[in-house]
Number of protein chains: 2
Amino acid sequence: MKHAVTFDLIKTDGRSRARRGVLHTPHGDVQTPVFMPVGTQATVKAVKPEDVASLGHEGAHILLSNTYHLYLKPGHELVRKAGGLHRFMNWNGAILTDSGGFQVFSLGALRKIEEEGVWFRSYIDGSSHHFTPETSIDVQNALGSDIMMAFDECAPYPADRSYVRQSLELTTRWLKRCKEHHRDVERQSLFGIMQGGVYKDLRAQSAEQICELDLPGYAIGGLSVGEPAEIMYDVLEDCAPRLPADRPRYLMGVGSPDYIFEGVERGIDMFDCVLPTRVGRNGRAMTSEGELNMKNARFKEDFGPLDPGCDCYVCRNYSRAYIRHLVNTKEIFGGMLLSEHNLYFLVRTMEKIRKSIEEDRFPEYKREFFDQYYAPKRDKEEQ
Amino acid sequence: MKHAVTFDLIKTDGRSRARRGVLHTPHGDVQTPVFMPVGTQATVKAVKPEDVASLGHEGAHILLSNTYHLYLKPGHELVRKAGGLHRFMNWNGAILTDSGGFQVFSLGALRKIEEEGVWFRSYIDGSSHHFTPETSIDVQNALGSDIMMAFDECAPYPADRSYVRQSLELTTRWLKRCKEHHRDVERQSLFGIMQGGVYKDLRAQSAEQICELDLPGYAIGGLSVGEPAEIMYDVLEDCAPRLPADRPRYLMGVGSPDYIFEGVERGIDMFDCVLPTRVGRNGRAMTSEGELNMKNARFKEDFGPLDPGCDCYVCRNYSRAYIRHLVNTKEIFGGMLLSEHNLYFLVRTMEKIRKSIEEDRFPEYKREFFDQYYAPKRDKEEQ
């Protein structure tokens, strides 16, 4: 029995835990560390799939989509009838689907957690739905993603120790049910999710429990949910190595440049975040010199590219002045260009991170990137 | 002294006034009859310029942009500094700019017409602006379009005879001032605009006056502004032949399929309209079988293309079910795909019209198109 998704660890950095690997999926290989663009509702917002596929110098080969959203609209059975999510959305690379757990728990008062699963109300029409680990697998089976995430409970921050412990134990029991329910492991691979909040011993307990299940990959959930960055780094430092070195490690929902570098340094292989497209639609550009607010008057007559260090389609063809005009006149094309550029920026940064690991200079590249991206001068200039 | 834009009439249909021609511009040749996509604010809404350029089988080679909008934002001097409108918006084909007349007159109570020009208030910040024929030329010179339109007064419908007569005479006087003010005729060509409302004799008077100026092209303004279609066709039938046969004839602001066919039949060479992108953003698809409302439940599980007869990027890669999902979830990508498809539909239809004229079967093609597009069954099915 061969798993759909397998992982080859190529190299580990000598001075950090940074890793260079390859994820083999039914829809092609993915070089790691990797940033996965997010296509919540079966579309990476405002970017054509071909343009996603050609991001960076090597292209983007995996994206993330959302089980919860697709379950509600257009419905997973419709996607199944369409021939699966890849075909439905015209994406030939790999797809990772989250389990819907995070979205359901984000509903707060609109949901109720029980051993069996979760009751929640649709944000669309208020209708009542029961989501269980088995439901989540059924839906993800219908979607046909390459990587399915287990249905977990993501504890909030702050949360007291006893709640977090109960929550991670529930997550483990649900993971077992997910694994039990998922049959066609040669078509789709199930990743487990570590929980435990900011409590290192609980993270260790969670890691031990989920690793027993010998899954093809593991994620770290419940971080970057409001805790201070230093606490997150400290917890990550401790818990990432508790996951098996020969399996990919995925830090869920994390995609700001600083978190990515800090994550890579601590042994993370996979990231995802809506940040680049969301800030793009809000008129902001991610550049090697930090984030720029394109509404700023100083770009009015700036005929240079968004990022002088960037060779993407947007930077080769459009000026800051033009993009500022589009943003100021609320033209859709502004969000399209900024989304594509920002995704390119992150995908290209991952390529540079991979190369730096290969060439034993990841720590130097990290310092260099931070010096440029988070230079203190930016604080004064930008809103 | 060579005009920037010249026109070769290749052929006139034997059974109608349909014409087949070529417009030579500083940014390449344009085959006529042509539909010009509209890029009001220096962007064809939600479509990349490369995707505009590759519409149809032969590509789109000319688009329209708006003097009035660009004057207000980002300002024509900024566009000049950017190297002109082509470079600013990354469009290497030809550009026609309207004069701003139509937009200014659409402001109603916000503007005041005098012999010298028009006072109007900005829709953006309420600031007061004075626009004259000379201003319009200055702005269009700064934009650097291939074809500039004269600053005219577009009389509303209905309007009484004496008003319309005064209005067309003012338009003629303004046209003379436009011509006088425009110097570099080898770089940009000025087209005159015929007015006269629905009064055939006034149209004749207008035609006579503007043709005396021997301009490289002429437009028909003030039609499709609310008058019944039969009246418009009747007026067009009478007035189009009053424009010189060896110059291109442009019917302003007209782009619905029926108006295009009726216009071509009456000797029109150029059309523009925001319709395809506007209805696209509103979730509607223009197909060989008429307009489809993609929100309609009957497309829920329809995995076929928008238009079975279409070979565009959208129809080759996406299903009606997927596009319905995008429209229903308000995803930007829905508007992007429908805008691109609808533009393709019209550009491709123009290619077929041109071929039918070449092959002496324009009347047959028109009938065939109408039978499919306006088949009565559609009324029942669509909202």
# chains A, B, ... in the order shown; residues from 1 in each chain; ligands from 1

$ select_by_dssp --residues "segment 273-309 of chain B" --states "strand (DSSP E or B)" --output "PyMOL selection string"
chain B and resi 284-287+290-293

$ interface_residues --of "chain B" --to "chain A" --cutoff "10 Å" --atoms "only C-alpha atoms" --output "count of residues only"
47

$ residues_around --residues "Thr277 of chain A" --least-positions-apart "4" --cutoff "12 Å" --atoms "only C-alpha atoms" --output "number ranges by chain"
A: 36-40, 43-47, 52, 255-256, 272-273, 281-286, 334-346; B: 332

$ atom_distance --atom1 "atom CA of Ala159 of chain A" --atom2 "atom CA of Ser136 of chain A"
25.1 Å

$ residues_around --residues "Gly221 of chain B" --least-positions-apart "2" --cutoff "9 Å" --atoms "only C-alpha atoms" --output "JSON, numbers by chain"
{"B": [102, 152, 153, 154, 193, 194, 195, 196, 197, 219, 223, 224, 250, 251, 252, 253]}

$ write_last_selection --atoms "N, CA, C and O atoms" --output "JSON list (two decimals), in the first residue's frame"
[["chain", "number", "residue", "atom", "x", "y", "z"],
["B", 102, "PHE", "N", -19.39, 63.62, -23.93],
["B", 102, "PHE", "CA", -20.54, 62.81, -23.51],
["B", 102, "PHE", "C", -20.63, 62.72, -21.98],
["B", 102, "PHE", "O", -21.70, 62.89, -21.40],
["B", 152, "ASP", "N", -17.78, 67.63, -28.29],
["B", 152, "ASP", "CA", -19.09, 67.91, -28.90],
["B", 152, "ASP", "C", -20.16, 68.08, -27.83],
["B", 152, "ASP", "O", -19.93, 67.78, -26.66],
["B", 153, "GLU", "N", -21.29, 68.57, -28.26],
["B", 153, "GLU", "CA", -22.44, 68.50, -27.37],
["B", 153, "GLU", "C", -23.38, 67.41, -27.87],
["B", 153, "GLU", "O", -23.79, 67.41, -29.03],
["B", 154, "CYS", "N", -23.67, 66.50, -26.96],
["B", 154, "CYS", "CA", -24.58, 65.40, -27.28],
["B", 154, "CYS", "C", -25.95, 65.77, -26.75],
["B", 154, "CYS", "O", -26.17, 65.79, -25.54],
["B", 193, "ILE", "N", -17.52, 64.68, -35.04],
["B", 193, "ILE", "CA", -18.73, 63.98, -34.61],
["B", 193, "ILE", "C", -19.97, 64.65, -35.17],
["B", 193, "ILE", "O", -20.18, 65.85, -34.99],
["B", 194, "MET", "N", -20.78, 63.87, -35.86],
["B", 194, "MET", "CA", -22.06, 64.35, -36.37],
["B", 194, "MET", "C", -23.10, 64.31, -35.25],
["B", 194, "MET", "O", -23.17, 63.34, -34.49],
["B", 195, "GLN", "N", -23.86, 65.39, -35.12],
["B", 195, "GLN", "CA", -24.99, 65.38, -34.19],
["B", 195, "GLN", "C", -26.26, 65.66, -34.99],
["B", 195, "GLN", "O", -26.25, 65.55, -36.22],
["B", 196, "GLY", "N", -27.34, 66.02, -34.33],
["B", 196, "GLY", "CA", -28.59, 66.30, -35.04],
["B", 196, "GLY", "C", -29.77, 65.50, -34.52],
["B", 196, "GLY", "O", -30.86, 65.55, -35.10],
["B", 197, "GLY", "N", -29.54, 64.75, -33.45],
["B", 197, "GLY", "CA", -30.62, 64.02, -32.81],
["B", 197, "GLY", "C", -31.31, 63.07, -33.78],
["B", 197, "GLY", "O", -30.65, 62.39, -34.58],
["B", 219, "ALA", "N", -17.50, 60.36, -36.66],
["B", 219, "ALA", "CA", -18.36, 59.56, -35.78],
["B", 219, "ALA", "C", -19.79, 60.06, -35.86],
["B", 219, "ALA", "O", -20.05, 61.20, -36.24],
["B", 223, "LEU", "N", -26.84, 59.05, -30.90],
["B", 223, "LEU", "CA", -27.82, 57.98, -31.14],
["B", 223, "LEU", "C", -27.67, 56.96, -30.00],
["B", 223, "LEU", "O", -26.67, 56.95, -29.29],
["B", 224, "SER", "N", -28.68, 56.11, -29.89],
["B", 224, "SER", "CA", -28.71, 55.15, -28.79],
["B", 224, "SER", "C", -28.65, 55.89, -27.45],
["B", 224, "SER", "O", -27.93, 55.50, -26.54],
["B", 250, "TYR", "N", -17.78, 55.84, -37.30],
["B", 250, "TYR", "CA", -17.79, 55.29, -35.94],
["B", 250, "TYR", "C", -19.11, 55.64, -35.27],
["B", 250, "TYR", "O", -19.44, 56.80, -35.10],
["B", 251, "LEU", "N", -19.86, 54.61, -34.87],
["B", 251, "LEU", "CA", -21.13, 54.81, -34.17],
["B", 251, "LEU", "C", -20.86, 54.73, -32.66],
["B", 251, "LEU", "O", -20.63, 53.64, -32.12],
["B", 252, "MET", "N", -20.91, 55.89, -32.01],
["B", 252, "MET", "CA", -20.39, 55.97, -30.64],
["B", 252, "MET", "C", -21.28, 55.32, -29.58],
["B", 252, "MET", "O", -22.49, 55.51, -29.56],
["B", 253, "GLY", "N", -20.64, 54.55, -28.70],
["B", 253, "GLY", "CA", -21.33, 54.01, -27.54],
["B", 253, "GLY", "C", -22.29, 52.88, -27.83],
["B", 253, "GLY", "O", -23.12, 52.53, -27.00]]

$ atom_distance --atom1 "atom CA of Leu236 of chain A" --atom2 "atom CA of Glu265 of chain A"
10.0 Å

$ residues_around --residues "segment 167-172 of chain B" --least-positions-apart "4" --cutoff "10 Å" --atoms "only C-alpha atoms" --output "CSV table (one decimal) with N, CA, C and O atoms, in the first residue's frame"
chain,number,residue,atom,x,y,z
B,114,GLU,N,-21.6,76.8,-22.3
B,114,GLU,CA,-21.5,78.2,-22.9
B,114,GLU,C,-20.8,78.0,-24.2
B,114,GLU,O,-20.2,77.0,-24.5
B,115,GLU,N,-20.8,79.1,-25.0
B,115,GLU,CA,-20.0,79.1,-26.2
B,115,GLU,C,-18.6,78.7,-26.0
B,115,GLU,O,-18.0,77.9,-26.8
B,116,GLU,N,-18.0,79.2,-25.0
B,116,GLU,CA,-16.6,79.0,-24.8
B,116,GLU,C,-16.3,77.5,-24.4
B,116,GLU,O,-15.3,77.0,-24.9
B,117,GLY,N,-17.2,76.9,-23.7
B,117,GLY,CA,-17.0,75.6,-23.2
B,117,GLY,C,-18.0,75.2,-22.1
B,117,GLY,O,-19.1,75.8,-22.1
B,133,PRO,N,-13.1,73.0,-26.0
B,133,PRO,CA,-12.5,72.2,-27.1
B,133,PRO,C,-11.0,72.2,-27.0
B,133,PRO,O,-10.4,71.1,-27.2
B,150,ALA,N,-13.5,64.8,-31.3
B,150,ALA,CA,-13.7,66.2,-31.1
B,150,ALA,C,-14.7,66.4,-29.9
B,150,ALA,O,-15.4,65.5,-29.5
B,151,PHE,N,-14.5,67.6,-29.2
B,151,PHE,CA,-15.4,67.9,-28.1
B,151,PHE,C,-16.7,68.4,-28.6
B,151,PHE,O,-16.8,69.3,-29.4
B,152,ASP,N,-17.8,67.6,-28.3
B,152,ASP,CA,-19.1,67.9,-28.9
B,152,ASP,C,-20.2,68.1,-27.8
B,152,ASP,O,-19.9,67.8,-26.7
B,153,GLU,N,-21.3,68.6,-28.3
B,153,GLU,CA,-22.4,68.5,-27.4
B,153,GLU,C,-23.4,67.4,-27.9
B,153,GLU,O,-23.8,67.4,-29.0
B,154,CYS,N,-23.7,66.5,-27.0
B,154,CYS,CA,-24.6,65.4,-27.3
B,154,CYS,C,-26.0,65.8,-26.7
B,154,CYS,O,-26.2,65.8,-25.5
B,155,ALA,N,-26.9,66.1,-27.7
B,155,ALA,CA,-28.2,66.5,-27.2
B,155,ALA,C,-29.0,65.2,-26.7
B,155,ALA,O,-28.8,64.1,-27.2
B,161,ARG,N,-36.5,70.4,-31.7
B,161,ARG,CA,-35.7,70.7,-32.9
B,161,ARG,C,-34.8,71.9,-32.8
B,161,ARG,O,-33.6,71.9,-33.2
B,162,SER,N,-35.3,73.0,-32.2
B,162,SER,CA,-34.4,74.2,-32.2
B,162,SER,C,-33.2,74.0,-31.3
B,162,SER,O,-32.1,74.4,-31.6
B,163,TYR,N,-33.5,73.3,-30.2
B,163,TYR,CA,-32.3,73.0,-29.3
B,163,TYR,C,-31.3,72.1,-30.0
B,163,TYR,O,-30.1,72.4,-30.0
B,176,LYS,N,-14.3,73.0,-35.2
B,176,LYS,CA,-13.3,73.8,-35.9
B,176,LYS,C,-12.2,74.3,-34.9
B,176,LYS,O,-11.0,74.3,-35.3
B,177,ARG,N,-12.6,74.6,-33.7
B,177,ARG,CA,-11.6,75.0,-32.7
B,177,ARG,C,-10.7,73.8,-32.3
B,177,ARG,O,-9.5,73.9,-32.1
B,178,CYS,N,-11.3,72.6,-32.3
B,178,CYS,CA,-10.5,71.4,-32.0
B,178,CYS,C,-9.4,71.2,-33.1
B,178,CYS,O,-8.3,71.0,-32.8
B,192,GLY,N,-14.2,64.0,-36.3
B,192,GLY,CA,-15.3,64.8,-36.1
B,192,GLY,C,-16.6,64.0,-35.7
B,192,GLY,O,-16.6,62.8,-36.0
B,193,ILE,N,-17.5,64.7,-35.0
B,193,ILE,CA,-18.7,64.0,-34.6
B,193,ILE,C,-20.0,64.7,-35.2
B,193,ILE,O,-20.2,65.9,-35.0
B,194,MET,N,-20.8,63.9,-35.9
B,194,MET,CA,-22.1,64.4,-36.4
B,194,MET,C,-23.1,64.3,-35.2
B,194,MET,O,-23.2,63.3,-34.5
B,195,GLN,N,-23.9,65.4,-35.1
B,195,GLN,CA,-25.0,65.4,-34.2
B,195,GLN,C,-26.3,65.7,-35.0
B,195,GLN,O,-26.3,65.5,-36.2
B,196,GLY,N,-27.3,66.0,-34.3
B,196,GLY,CA,-28.6,66.3,-35.0
B,196,GLY,C,-29.8,65.5,-34.5
B,196,GLY,O,-30.9,65.5,-35.1
B,197,GLY,N,-29.5,64.8,-33.4
B,197,GLY,CA,-30.6,64.0,-32.8
B,197,GLY,C,-31.3,63.1,-33.8
B,197,GLY,O,-30.7,62.4,-34.6
B,202,LEU,N,-31.4,67.8,-39.9
B,202,LEU,CA,-30.3,68.3,-39.1
B,202,LEU,C,-29.1,67.5,-39.1
B,202,LEU,O,-28.0,68.0,-39.1
B,203,ARG,N,-29.3,66.2,-39.2
B,203,ARG,CA,-28.2,65.3,-39.4
B,203,ARG,C,-27.5,65.6,-40.7
B,203,ARG,O,-26.2,65.7,-40.8
B,205,GLN,N,-27.4,68.5,-42.2
B,205,GLN,CA,-26.7,69.7,-42.0
B,205,GLN,C,-25.4,69.5,-41.3
B,205,GLN,O,-24.4,70.1,-41.7
B,206,SER,N,-25.5,68.8,-40.2
B,206,SER,CA,-24.3,68.5,-39.4
B,206,SER,C,-23.2,67.8,-40.3
B,206,SER,O,-22.1,68.2,-40.3
B,207,ALA,N,-23.7,66.8,-41.0
B,207,ALA,CA,-22.7,66.0,-41.9
B,207,ALA,C,-22.0,67.0,-42.9
B,207,ALA,O,-20.8,67.0,-43.0
B,209,GLN,N,-21.5,70.2,-42.6
B,209,GLN,CA,-20.6,71.1,-42.0
B,209,GLN,C,-19.3,70.4,-41.5
B,209,GLN,O,-18.2,71.0,-41.7
B,210,ILE,N,-19.4,69.2,-41.0
B,210,ILE,CA,-18.2,68.6,-40.4
B,210,ILE,C,-17.3,68.0,-41.6
B,210,ILE,O,-16.1,68.0,-41.5
B,213,LEU,N,-14.5,69.9,-43.2
B,213,LEU,CA,-13.2,70.0,-42.5
B,213,LEU,C,-12.2,68.9,-43.0
B,213,LEU,O,-11.0,68.9,-42.5

$ closest_residue --among "A:Gly263, A:Gly290, A:Pro158, A:Pro363" --to "Asp13 of chain A" --atoms "only C-alpha atoms"
A:Pro363

$ residues_around --residues "His129 of chain A" --least-positions-apart "5" --cutoff "8 Å" --atoms "only C-alpha atoms" --output "NGL selection string"
:A and (119-122)

$ select_by_dssp --residues "segment 117-244 of chain A" --states "alpha helix (DSSP H)" --output "VMD selection string"
chain A and resid 133 to 143 161 to 181 200 to 211 229 to 239
